[in-house]
$ cat data-v4.txt   # compact mmCIF, C-alpha atoms
# COMPACT_ATOMS: atom_id res chain seq x y z
CA MET C 1 -50.28 -0.33 9.42
CA ILE C 2 -48.05 1.52 11.88
CA PRO C 3 -48.95 0.69 15.52
CA LYS C 4 -49.40 3.54 17.99
CA PRO C 5 -46.97 3.79 20.95
CA ALA C 6 -49.59 2.56 23.43
CA GLN C 7 -50.32 -0.46 21.26
CA VAL C 8 -46.61 -1.18 20.97
CA ALA C 9 -46.25 -1.14 24.75
CA ILE C 10 -49.12 -3.61 25.18
CA LEU C 11 -47.78 -5.87 22.44
CA ASN C 12 -44.31 -5.84 23.93
CA SER C 13 -45.63 -6.89 27.32
CA VAL C 14 -47.64 -9.64 25.62
CA ARG C 15 -44.47 -10.84 23.90
CA LEU C 16 -42.60 -10.95 27.20
CA LEU C 17 -45.41 -12.88 28.87
CA ARG C 18 -45.73 -15.34 26.01
CA PRO C 19 -43.22 -17.95 27.28
CA ILE C 20 -44.70 -17.79 30.79
CA VAL C 21 -48.21 -18.39 29.50
CA LEU C 22 -47.27 -20.81 26.73
CA GLN C 23 -45.33 -23.18 28.98
CA PRO C 24 -48.39 -24.55 30.91
CA VAL C 25 -50.39 -24.59 27.68
CA LEU C 26 -47.83 -26.79 25.96
CA GLN C 27 -47.70 -29.10 28.95
CA THR C 28 -51.46 -29.54 28.76
CA VAL C 29 -51.17 -30.41 25.07
CA ARG C 30 -48.54 -33.02 25.85
CA ARG C 31 -50.87 -34.66 28.39
CA LEU C 32 -53.83 -34.70 26.02
CA HIS C 33 -53.48 -38.43 25.40
CA LEU C 34 -54.18 -39.05 29.06
CA LEU C 35 -57.67 -37.65 28.61
CA LYS C 36 -60.64 -39.55 27.25
CA PRO C 37 -61.12 -39.04 23.46
CA THR C 38 -64.47 -37.40 24.07
CA GLN C 39 -62.95 -34.84 26.41
CA ARG C 40 -60.13 -33.79 24.07
CA PRO C 41 -61.97 -31.39 21.70
CA ALA C 42 -63.50 -29.62 24.64
CA LEU C 43 -60.05 -28.81 25.96
CA LEU C 44 -58.43 -28.19 22.58
CA LEU C 45 -60.78 -25.50 21.38
CA PRO C 46 -60.13 -22.98 24.17
CA LEU C 47 -56.43 -23.80 23.89
CA ILE C 48 -56.31 -22.94 20.19
CA LEU C 49 -58.18 -19.72 20.83
CA LEU C 50 -55.80 -18.82 23.63
CA ILE C 51 -52.69 -19.45 21.53
CA SER C 52 -54.01 -17.55 18.53
CA THR C 53 -54.66 -14.44 20.62
CA PHE C 54 -50.97 -14.36 21.51
CA LEU C 55 -49.74 -15.08 18.00
CA LEU C 56 -51.84 -12.71 15.94
CA PRO C 57 -50.82 -9.34 17.43
CA ALA C 58 -47.13 -10.27 17.11
CA HIS C 59 -47.53 -10.54 13.34
CA ALA C 60 -49.48 -7.34 13.04
CA ALA C 61 -46.79 -5.44 14.93
CA ALA C 62 -43.90 -6.39 12.61
CA PRO C 63 -42.97 -3.31 10.50
CA VAL C 64 -43.54 -3.76 6.80
CA LEU C 65 -40.68 -2.52 4.62
CA LYS C 66 -41.61 -0.74 1.45
CA PRO C 67 -38.33 0.21 -0.24
CA MET C 68 -38.71 2.57 -3.15
CA LYS C 69 -38.87 1.08 -6.61
CA GLY C 70 -36.02 1.57 -9.06
CA LYS C 71 -36.14 4.03 -11.93
CA GLY C 72 -36.44 1.36 -14.62
CA GLU C 73 -39.61 -0.42 -15.64
CA ARG C 74 -38.61 -3.62 -13.91
CA CYS C 75 -35.60 -5.11 -12.17
CA VAL C 76 -33.17 -7.35 -14.07
CA GLU C 77 -34.56 -10.32 -12.11
CA ASP C 78 -37.79 -11.01 -10.19
CA THR C 79 -38.09 -9.06 -6.95
CA GLU C 80 -38.45 -12.26 -4.88
CA PHE C 81 -35.32 -13.69 -6.51
CA MET C 82 -33.36 -10.51 -5.98
CA ARG C 83 -34.30 -10.27 -2.30
CA LYS C 84 -32.79 -13.67 -1.71
CA ASN C 85 -29.95 -13.83 -4.24
CA HIS C 86 -28.69 -10.34 -5.07
CA MET C 87 -25.47 -10.96 -3.16
CA GLU C 88 -24.71 -14.09 -5.17
CA LEU C 89 -25.19 -12.24 -8.44
CA LEU C 90 -22.95 -9.39 -7.31
CA LEU C 91 -20.26 -11.77 -6.09
CA HIS C 92 -20.25 -13.62 -9.41
CA GLN C 93 -20.18 -10.44 -11.47
CA ARG C 94 -17.41 -8.99 -9.32
CA ASP C 95 -14.95 -11.76 -10.23
CA GLU C 96 -16.00 -11.70 -13.87
CA THR C 97 -15.34 -7.97 -14.05
CA VAL C 98 -12.13 -7.73 -12.04
CA HIS C 99 -10.36 -10.73 -13.50
CA ARG C 100 -11.86 -11.21 -16.96
CA GLY C 101 -12.86 -7.66 -17.85
CA ILE C 102 -16.50 -8.58 -18.47
CA ARG C 103 -18.54 -5.45 -17.97
CA THR C 104 -22.09 -6.41 -18.89
CA LYS C 105 -24.69 -4.17 -17.34
CA LYS C 106 -27.21 -6.74 -16.12
CA HIS C 107 -25.76 -7.69 -12.73
CA ASN C 108 -23.42 -4.73 -12.45
CA LEU C 109 -23.32 -3.04 -9.03
CA LYS C 110 -22.93 0.37 -10.67
CA GLU C 111 -26.17 -0.14 -12.60
CA CYS C 112 -28.02 -1.29 -9.45
CA ILE C 113 -26.83 1.82 -7.65
CA SER C 114 -27.89 4.23 -10.38
CA CYS C 115 -31.30 2.60 -10.90
CA HIS C 116 -32.11 2.40 -7.18
CA ALA C 117 -30.75 5.84 -6.30
CA ILE C 118 -32.92 7.68 -3.78
CA ASN C 119 -32.83 11.45 -3.77
CA ASP C 120 -32.84 13.65 -0.69
CA ALA C 121 -34.80 16.87 -0.27
CA ASN C 122 -32.36 18.75 -2.54
CA GLY C 123 -32.79 16.22 -5.34
CA THR C 124 -29.29 14.78 -5.05
CA PRO C 125 -28.83 11.04 -4.52
CA VAL C 126 -28.16 9.96 -0.95
CA SER C 127 -25.14 7.85 -0.02
CA ALA C 128 -25.15 4.73 2.14
CA ALA C 129 -24.45 6.99 5.12
CA ASP C 130 -28.12 7.97 4.96
CA PRO C 131 -30.67 5.48 6.41
CA LYS C 132 -32.94 6.25 3.45
CA HIS C 133 -30.45 4.60 1.05
CA PHE C 134 -32.10 1.75 -0.84
CA CYS C 135 -29.65 -0.93 0.32
CA ARG C 136 -29.66 0.27 3.90
CA GLN C 137 -33.40 0.04 4.39
CA CYS C 138 -33.41 -3.78 4.35
CA HIS C 139 -29.87 -4.20 5.66
CA ASP C 140 -30.67 -2.12 8.73
CA TYR C 141 -33.85 -4.13 9.25
CA THR C 142 -32.02 -7.45 9.11
CA SER C 143 -28.88 -6.14 10.88
CA VAL C 144 -26.60 -7.20 8.03
CA LYS C 145 -23.53 -5.03 7.49
CA ILE C 146 -22.82 -3.93 3.92
CA ASP C 147 -19.11 -4.09 3.08
CA CYS C 148 -19.48 -3.00 -0.55
CA PHE C 149 -19.56 0.71 0.17
CA GLU C 150 -16.25 0.80 2.01
CA CYS C 151 -14.72 0.88 -1.47
CA HIS C 152 -17.58 1.18 -3.95
CA SER C 153 -19.52 4.36 -4.48
CA SER C 154 -23.02 4.08 -3.02
CA LYS C 155 -24.51 6.74 -5.26
CA PRO C 156 -24.38 7.47 -8.98
CA ARG C 157 -21.85 9.87 -10.38
CA PRO C 158 -23.03 13.51 -10.35
CA SER C 159 -24.68 14.45 -13.64
CA SER C 160 -21.86 16.78 -14.77
CA ARG C 161 -19.53 13.80 -14.97
CA SER C 162 -22.06 11.27 -16.19
CA VAL C 163 -22.50 13.32 -19.37
CA ARG C 164 -18.93 12.56 -20.24
CA SER C 165 -19.19 8.85 -19.56
CA SER C 166 -22.50 8.53 -21.41
CA SER C 167 -20.87 9.83 -24.58
CA THR C 168 -18.90 6.60 -24.88
CA PRO C 169 -20.38 3.84 -27.00
CA ASN C 170 -22.08 0.99 -25.15
CA THR C 171 -20.88 -1.86 -27.27
CA SER C 172 -23.30 -4.39 -25.84
CA ASP C 173 -25.44 -5.21 -22.87
CA MET E 1 3.66 -9.30 -54.66
CA SER E 2 5.14 -6.43 -56.59
CA GLU E 3 5.86 -3.08 -55.06
CA SER E 4 3.11 -1.25 -57.00
CA GLU E 5 0.47 -3.69 -55.72
CA ASN E 6 1.75 -3.06 -52.22
CA LYS E 7 1.25 0.66 -52.72
CA ILE E 8 -2.29 0.15 -53.97
CA ASP E 9 -3.08 -1.99 -50.94
CA ASP E 10 -1.61 0.67 -48.71
CA TYR E 11 -3.71 3.35 -50.39
CA ARG E 12 -6.85 1.23 -50.10
CA ARG E 13 -6.20 0.59 -46.44
CA ARG E 14 -5.74 4.27 -45.69
CA PHE E 15 -8.85 5.20 -47.67
CA LEU E 16 -10.97 2.58 -45.89
CA GLY E 17 -9.54 3.66 -42.57
CA GLN E 18 -10.53 7.27 -43.20
CA GLY E 19 -14.01 6.17 -44.30
CA ALA E 20 -14.44 4.18 -41.08
CA ALA E 21 -13.22 7.13 -39.04
CA ILE E 22 -15.73 9.47 -40.72
CA ALA E 23 -18.56 6.96 -40.17
CA ALA E 24 -17.60 6.63 -36.51
CA THR E 25 -17.54 10.42 -36.03
CA VAL E 26 -20.95 10.85 -37.68
CA THR E 27 -22.67 8.39 -35.35
CA LEU E 28 -21.48 10.30 -32.28
CA ALA E 29 -23.16 13.32 -30.78
CA PRO E 30 -21.96 16.56 -32.40
CA GLY E 31 -18.93 18.08 -30.73
CA VAL E 32 -17.87 14.80 -29.16
CA ILE E 33 -14.64 13.42 -30.51
CA LEU E 34 -13.46 10.20 -28.98
CA ASN E 35 -9.93 9.16 -28.44
CA SER E 36 -10.64 5.48 -28.95
CA ILE E 37 -8.80 2.33 -29.75
CA ALA E 38 -9.98 0.52 -32.85
CA ASN E 39 -11.95 -2.67 -32.26
CA ALA E 40 -13.01 -2.27 -28.63
CA LYS E 41 -14.01 -5.64 -27.25
CA PRO E 42 -17.70 -6.34 -26.57
CA ALA E 43 -18.64 -5.93 -22.89
CA ASP E 44 -19.55 -9.60 -22.51
CA GLU E 45 -16.27 -10.87 -23.90
CA ALA E 46 -13.39 -11.81 -21.60
CA VAL E 47 -10.01 -10.17 -22.13
CA SER E 48 -7.56 -12.30 -24.08
CA ASN E 49 -3.82 -12.75 -24.08
CA LYS E 50 -3.75 -11.94 -27.80
CA VAL E 51 -3.58 -8.33 -26.60
CA ARG E 52 -0.70 -6.82 -24.64
CA TRP E 53 -1.41 -3.28 -23.57
CA GLY E 54 1.51 -0.96 -23.11
CA PHE E 55 2.85 2.56 -23.19
CA LEU E 56 5.64 4.06 -25.25
CA ILE E 57 6.86 7.21 -23.53
CA ASP E 58 9.00 9.65 -25.50
CA THR E 59 10.89 11.65 -22.87
CA ASN E 60 12.04 14.14 -25.52
CA LYS E 61 8.44 15.34 -25.79
CA CYS E 62 7.77 15.27 -22.05
CA GLY E 63 7.87 18.79 -20.64
CA SER E 64 9.78 19.23 -17.39
CA GLY E 65 7.17 21.56 -15.89
CA CYS E 66 4.18 19.64 -17.20
CA ASN E 67 2.11 17.66 -14.73
CA ASP E 68 -0.99 17.09 -16.85
CA CYS E 69 -0.79 13.29 -16.82
CA VAL E 70 -0.70 13.24 -13.02
CA THR E 71 -3.63 15.66 -12.76
CA ALA E 72 -5.65 13.67 -15.28
CA CYS E 73 -4.95 10.42 -13.41
CA ASN E 74 -6.01 11.92 -10.08
CA GLU E 75 -9.17 13.33 -11.63
CA GLU E 76 -10.11 10.15 -13.49
CA ASN E 77 -9.55 7.81 -10.56
CA GLY E 78 -10.72 10.13 -7.81
CA LEU E 79 -7.35 10.20 -6.05
CA THR E 80 -7.77 12.90 -3.48
CA GLY E 81 -4.88 13.61 -1.14
CA PHE E 82 -4.98 14.22 2.59
CA ASN E 83 -2.12 16.70 2.39
CA ARG E 84 0.26 13.97 3.52
CA PRO E 85 2.70 13.49 0.63
CA GLU E 86 4.44 10.59 2.38
CA THR E 87 1.37 8.39 2.28
CA ASP E 88 -1.06 9.95 -0.22
CA ALA E 89 -1.98 7.70 -3.13
CA GLN E 90 0.21 8.17 -6.17
CA TRP E 91 -0.49 6.14 -9.28
CA ILE E 92 1.70 8.17 -11.59
CA ARG E 93 4.47 10.67 -10.78
CA LYS E 94 6.85 12.87 -12.66
CA VAL E 95 10.52 12.03 -12.21
CA THR E 96 13.39 14.32 -13.18
CA LEU E 97 16.71 12.77 -14.15
CA HIS E 98 19.83 14.90 -14.11
CA ASN E 99 23.19 13.95 -15.55
CA LYS E 100 25.84 15.70 -13.46
CA GLN E 101 28.55 15.25 -16.11
CA THR E 102 26.63 16.78 -18.98
CA GLN E 103 24.12 18.85 -16.99
CA HIS E 104 21.39 17.30 -19.15
CA SER E 105 18.01 17.03 -17.44
CA LEU E 106 15.00 15.10 -18.55
CA SER E 107 11.55 14.53 -17.18
CA LEU E 108 9.42 11.42 -17.43
CA PRO E 109 6.23 9.95 -16.00
CA MET E 110 6.69 6.84 -13.85
CA MET E 111 3.87 4.47 -13.02
CA CYS E 112 3.16 0.74 -12.74
CA GLN E 113 5.19 -0.79 -15.57
CA HIS E 114 2.72 -3.65 -16.09
CA CYS E 115 5.44 -6.28 -16.17
CA GLU E 116 5.06 -9.57 -17.95
CA ASN E 117 6.62 -11.25 -14.89
CA PRO E 118 5.42 -9.00 -12.08
CA PRO E 119 7.20 -9.45 -8.73
CA CYS E 120 4.15 -8.01 -6.95
CA VAL E 121 2.15 -11.01 -8.17
CA ASP E 122 4.87 -13.46 -7.10
CA VAL E 123 4.89 -12.27 -3.50
CA CYS E 124 1.16 -11.75 -2.92
CA PRO E 125 0.01 -14.22 -0.24
CA THR E 126 -3.67 -14.12 -1.20
CA GLY E 127 -3.60 -13.90 -4.97
CA ALA E 128 -5.03 -10.40 -4.86
CA SER E 129 -2.21 -8.99 -6.95
CA PHE E 130 -2.68 -10.48 -10.38
CA LYS E 131 -2.01 -9.98 -14.05
CA ARG E 132 -4.95 -9.88 -16.41
CA ALA E 133 -4.74 -11.86 -19.65
CA ASP E 134 -4.15 -8.66 -21.61
CA GLY E 135 -1.08 -7.77 -19.53
CA ILE E 136 -2.66 -5.27 -17.12
CA VAL E 137 -1.40 -5.80 -13.56
CA LEU E 138 -4.13 -5.15 -10.99
CA VAL E 139 -5.03 -5.57 -7.33
CA ASP E 140 -8.26 -7.43 -6.59
CA LYS E 141 -9.18 -5.39 -3.55
CA HIS E 142 -11.80 -7.97 -2.53
CA THR E 143 -8.96 -10.33 -1.60
CA CYS E 144 -6.22 -7.83 -0.68
CA ILE E 145 -5.44 -7.98 3.04
CA GLY E 146 -3.20 -4.92 2.98
CA CYS E 147 0.05 -6.70 3.90
CA ARG E 148 2.02 -4.50 1.46
CA TYR E 149 4.48 -7.21 0.39
CA CYS E 150 3.84 -6.13 -3.20
CA MET E 151 4.89 -2.58 -2.38
CA MET E 152 8.20 -3.94 -1.09
CA ALA E 153 8.65 -6.20 -4.11
CA CYS E 154 7.97 -3.59 -6.79
CA PRO E 155 11.27 -2.18 -8.07
CA TYR E 156 9.45 0.81 -9.58
CA LYS E 157 7.85 1.96 -6.32
CA ALA E 158 4.59 2.04 -8.19
CA ARG E 159 2.13 1.05 -5.49
CA SER E 160 0.33 2.98 -2.78
CA PHE E 161 -1.49 1.89 0.33
CA VAL E 162 -4.78 3.49 1.34
CA HIS E 163 -4.35 4.66 4.92
CA GLU E 164 -7.54 6.65 5.31
CA THR E 165 -11.24 5.95 5.21
CA LEU E 166 -12.42 7.12 1.81
CA THR E 167 -15.75 8.54 0.73
CA ASP E 168 -17.12 9.72 -2.61
CA GLN E 169 -15.13 7.32 -4.74
CA VAL E 170 -15.58 7.39 -8.50
CA PRO E 171 -18.17 4.66 -9.30
CA GLU E 172 -15.89 3.00 -11.85
CA VAL E 173 -12.83 3.07 -9.59
CA PRO E 174 -13.57 1.45 -6.23
CA ARG E 175 -10.89 2.22 -3.62
CA GLY E 176 -10.84 1.62 0.08
CA LYS E 177 -8.87 1.78 3.28
CA GLY E 178 -6.55 -1.12 4.00
CA THR E 179 -5.85 -2.13 0.42
CA VAL E 180 -2.96 -1.57 -1.94
CA GLU E 181 -3.52 0.08 -5.29
CA SER E 182 -1.62 1.29 -8.32
CA CYS E 183 -2.04 2.38 -11.91
CA THR E 184 -4.74 0.21 -13.48
CA LEU E 185 -3.88 1.42 -16.97
CA CYS E 186 -7.38 2.96 -16.67
CA VAL E 187 -8.77 -0.54 -17.13
CA HIS E 188 -12.35 0.72 -17.00
CA ARG E 189 -11.64 3.03 -19.94
CA VAL E 190 -9.63 0.48 -21.88
CA ASP E 191 -12.44 -2.08 -21.55
CA ARG E 192 -14.88 0.31 -23.20
CA GLY E 193 -12.41 1.24 -25.94
CA ASP E 194 -10.93 4.48 -24.61
CA ILE E 195 -7.27 5.20 -23.96
CA PRO E 196 -5.97 5.84 -20.42
CA ALA E 197 -6.61 9.30 -18.96
CA CYS E 198 -2.90 10.21 -18.76
CA ALA E 199 -2.31 9.42 -22.44
CA GLU E 200 -5.40 11.41 -23.40
CA ALA E 201 -4.28 14.42 -21.35
CA CYS E 202 -0.72 14.18 -22.69
CA ALA E 203 -1.94 14.27 -26.29
CA LYS E 204 -3.65 17.60 -25.59
CA THR E 205 -0.49 19.31 -24.31
CA ASP E 206 1.57 21.74 -26.37
CA GLY E 207 4.52 19.36 -26.59
CA GLY E 208 2.39 16.70 -28.28
CA ALA E 209 1.75 13.14 -27.23
CA ALA E 210 4.70 11.91 -25.20
CA ILE E 211 2.64 8.97 -23.94
CA LEU E 212 1.48 6.57 -26.63
CA PHE E 213 -0.91 3.81 -25.58
CA GLY E 214 -1.65 0.70 -27.58
CA ASP E 215 -1.50 -3.02 -28.16
CA LEU E 216 2.12 -4.18 -28.38
CA ASN E 217 0.98 -7.51 -29.85
CA ASN E 218 -0.88 -5.98 -32.78
CA PRO E 219 1.65 -5.32 -35.57
CA ASP E 220 -0.71 -2.75 -37.14
CA SER E 221 -0.95 -0.59 -34.00
CA ASP E 222 0.96 2.69 -33.78
CA ILE E 223 2.85 1.56 -30.70
CA ALA E 224 3.98 -1.73 -32.24
CA LYS E 225 5.12 0.05 -35.41
CA ARG E 226 7.10 2.57 -33.42
CA VAL E 227 8.81 0.11 -31.08
CA ALA E 228 9.69 -1.91 -34.18
CA SER E 229 11.21 1.05 -36.03
CA GLU E 230 12.62 3.24 -33.23
CA SER E 231 14.89 2.58 -30.32
CA SER E 232 13.22 2.26 -26.93
CA THR E 233 14.23 0.89 -23.55
CA GLN E 234 12.62 -0.60 -20.48
CA VAL E 235 13.56 0.80 -17.07
CA ARG E 236 15.80 -1.70 -15.29
CA ALA E 237 15.54 -4.20 -18.13
CA ASP E 238 18.21 -6.19 -16.27
CA PHE E 239 15.49 -7.47 -13.91
CA ARG E 240 13.97 -9.28 -16.91
CA LEU E 241 10.46 -8.40 -15.82
CA ASN E 242 9.61 -7.33 -19.38
CA PRO E 243 7.57 -4.22 -18.54
CA GLY E 244 4.79 -3.17 -20.89
CA VAL E 245 5.93 0.44 -20.50
CA ARG E 246 8.85 1.46 -22.70
CA TYR E 247 10.78 4.74 -22.73
CA GLN E 248 12.63 6.68 -25.41
CA GLY E 249 15.44 9.15 -24.80
CA ILE E 250 16.63 7.86 -21.44
$ encode --input "data-v4.txt" --output "C-alpha cells"
Amino acid sequence: MIPKPAQVAILNSVRLLRPIVLQPVLQTVRRLHLLKPTQRPALLLPLILLISTFLLPAHAAAPVLKPMKGKGERCVEDTEFMRKNHMELLLHQRDETVHRGIRTKKHNLKECISCHAINDANGTPVSAADPKHFCRQCHDYTSVKIDCFECHSSKPRPSSRSVRSSSTPNTSD
Amino acid sequence: MSESENKIDDYRRRFLGQGAAIAATVTLAPGVILNSIANAKPADEAVSNKVRWGFLIDTNKCGSGCNDCVTACNEENGLTGFNRPETDAQWIRKVTLHNKQTQHSLSLPMMCQHCENPPCVDVCPTGASFKRADGIVLVDKHTCIGCRYCMMACPYKARSFVHETLTDQVPEVPRGKGTVESCTLCVHRVDRGDIPACAEACAKTDGGAAILFGDLNNPDSDIAKRVASESSTQVRADFRLNPGVRYQGI
C-alpha cells in the first residue's frame, strides 16, 4: 500500500510527537507497582490502546520493496539467505576466482548480474547508475554504498559480444 | 624400445590426436572453430603449479607495421583510451629495435613478462600484486591501494595505473580508478581453455603466428618443444627474474 501525501504528513507529525507523548506514558508504567493490584488493569488497558495507536501507523507507512525477480527459475540460494548473506558469498568467491582461478557459476557476480538484469524502456539492461538497477533498489533503501561497480560491470555484456563468449565450452558448473 | 616401435607410437598418437580434434569440432556449433588449449581445467578446480604459462615470440615473424595484438588486447579487455598517451592503459605495446651499425630493425610486442621471481610482487605493500600458481602475475584490485611501487619495480615497464573513473567495463575484466593493472595473460580466457587474445589475433595475420602461447612445463606442448629445440632468449635475463615470455631473433 502506498500512502497518500496527506496521510504521510499526518504520520510524520505523529512520529515526531511520539517521544513527547510516550515519555509520560512510560513513567506511568514505571509507577504501576505503586497502585493497588485491583487498579492496575484499569489503567493498563487504555495505556495499551494508546501506545498501539501510535505504533500501528508507523508500520503501515514503511515502503515495501518489491525488487524484480531474476530470469532463472529460482536463485542459487534461498531468498531470505541471499538478502542477509549475498555479500559473504561474493567475498568468498572473489578470492577463490582471483587467486585460485576457480570460476564456478553458482556464486559468481557475473552470473548474478546477468540473471538479475533489469531492462529499461528500450529493452537494454540498465547499469548501476540507474535507480531501477536490481542491486540499487535495496542498497538505496538501506543507504549502503556498493563498491563492486567501481570496477565490475553492473550489466551483462551486450548480446553481440555474448554470442562469442557463449560459444566456448562450459566445462562444469 | 626400438626405433620402429617409436614410429608406430608416434603414428598412433597423431592419429588419436586428429580423431579427438574432429570429435571436438563436431560437438561445436557449425562455423565456430576454437583456438583452444588441450585439457582445459574444470571450472571448480584450482590452478596448479604443474602448469607454467608462457609466450614464445618469434620476432622474425612479427611485422613492423602490424599492431593486431595491441588492438586485440584493447578490445578483449575493454581498454579504452582518454586520448592521453602518457597515462592511458597499455597492457601490450609494439617496440621497434634498431641497430645503428647494421641498420637492422626489428619489431616485437612487449608486455608483462610473467616472471618467476616478479619484483612487482616483492615490493607490493598489501599483497595485491601476486603470482598465481600457474605462473600468471596479477593484481588483486580488491587489495591494491594504488601506490604504484610495482610500476617502479618492473624493469619491463609493463604496468599501467588507472587515472580515470571508468564505466562500461567488460564483465570478465574488472578495472577501476586508483588501481594498477597489466597484462593478465587473458586469465579469464586461459581458465576456460582459450588462448590469450593477442596470440589469437597474431595467428590470423599474414605473417603467421609470431606469438605462441602454451604450457612451458608440459613437454608435449608446442611451446615446450620449440624452446627445447630452438634458440630463444629472455629480455634482460641478467636480472634472473626468469620471465615466462621468451623471444627469438633479438
$ closest_residue --input "data-v4.txt" --among "C:His92, C:His33, C:Arg83, C:Arg103" --to "chain E" --atoms "all atoms listed in the file"
C:Arg103
$ closest_atom_pairs --input "data-v4.txt" --of "chain E" --to "chain C" --cutoff "6 Å" --atoms "only C-alpha atoms" --output "tab-separated table"
residue	atom	partner	partner_atom	distance
E:Pro42	CA	C:Thr171	CA	5.5
E:Ala43	CA	C:Arg103	CA	4.9
E:Asp44	CA	C:Ile102	CA	5.2
E:Glu45	CA	C:Ile102	CA	5.9
E:Ala46	CA	C:Arg100	CA	4.9
E:Val47	CA	C:Arg100	CA	5.6
E:Gln169	CA	C:Ser153	CA	5.3
E:Pro171	CA	C:Ser153	CA	5.0
E:Pro174	CA	C:His152	CA	4.6
E:Arg175	CA	C:Cys151	CA	4.6
E:Gly176	CA	C:Cys151	CA	4.2
$ atom_distance --input "data-v4.txt" --atom1 "atom CA of Leu216 of chain E" --atom2 "atom CA of Val70 of chain E"
23.4 Å
$ residues_around --input "data-v4.txt" --residues "Met68 of chain C" --least-positions-apart "2" --cutoff "12 Å" --atoms "all atoms listed in the file" --output "mmCIF file with C-alpha atoms, keeping the file's coordinate frame"
data_model
loop_
_atom_site.group_PDB
_atom_site.id
_atom_site.type_symbol
_atom_site.label_atom_id
_atom_site.label_comp_id
_atom_site.auth_asym_id
_atom_site.auth_seq_id
_atom_site.Cartn_x
_atom_site.Cartn_y
_atom_site.Cartn_z
ATOM 1 C CA LEU C 65 -40.680 -2.520 4.620
ATOM 2 C CA LYS C 66 -41.610 -0.740 1.450
ATOM 3 C CA GLY C 70 -36.020 1.570 -9.060
ATOM 4 C CA LYS C 71 -36.140 4.030 -11.930
ATOM 5 C CA GLY C 72 -36.440 1.360 -14.620
ATOM 6 C CA CYS C 115 -31.300 2.600 -10.900
ATOM 7 C CA HIS C 116 -32.110 2.400 -7.180
ATOM 8 C CA ALA C 117 -30.750 5.840 -6.300
ATOM 9 C CA ILE C 118 -32.920 7.680 -3.780
ATOM 10 C CA ASN C 119 -32.830 11.450 -3.770
ATOM 11 C CA LYS C 132 -32.940 6.250 3.450
ATOM 12 C CA HIS C 133 -30.450 4.600 1.050
ATOM 13 C CA PHE C 134 -32.100 1.750 -0.840
ATOM 14 C CA CYS C 135 -29.650 -0.930 0.320
ATOM 15 C CA ARG C 136 -29.660 0.270 3.900
ATOM 16 C CA GLN C 137 -33.400 0.040 4.390
ATOM 17 C CA CYS C 138 -33.410 -3.780 4.350
#
$ atom_distance --input "data-v4.txt" --atom1 "atom CA of Ala199 of chain E" --atom2 "atom CA of Gly249 of chain E"
17.9 Å
$ residues_around --input "data-v4.txt" --residues "His114 of chain E" --least-positions-apart "2" --cutoff "8 Å" --atoms "all atoms listed in the file" --output "number ranges by chain"
E: 54, 112, 116, 118, 135-137, 243-245
$ axis_aligned_box --input "data-v4.txt" --around "segment 80-92 of chain E" --padding-each-side "4 Å" --output "JSON"
{"center_x": -1.7, "center_y": 11.4, "center_z": -4.0, "size_x": 20.2, "size_y": 18.6, "size_z": 23.1}
$ atom_distance --input "data-v4.txt" --atom1 "atom CA of Gln93 of chain C" --atom2 "atom CA of Thr143 of chain E"
14.9 Å
$ residues_around --input "data-v4.txt" --residues "Val162 of chain E" --least-positions-apart "4" --cutoff "6 Å" --atoms "only C-alpha atoms" --output "PyMOL selection string"
chain E and resi 177-179
$ residues_around --input "data-v4.txt" --residues "Tyr156 of chain E" --least-positions-apart "3" --cutoff "10 Å" --atoms "only C-alpha atoms" --output "ChimeraX atom specification"
/E:110-113,151-153,159,235-236
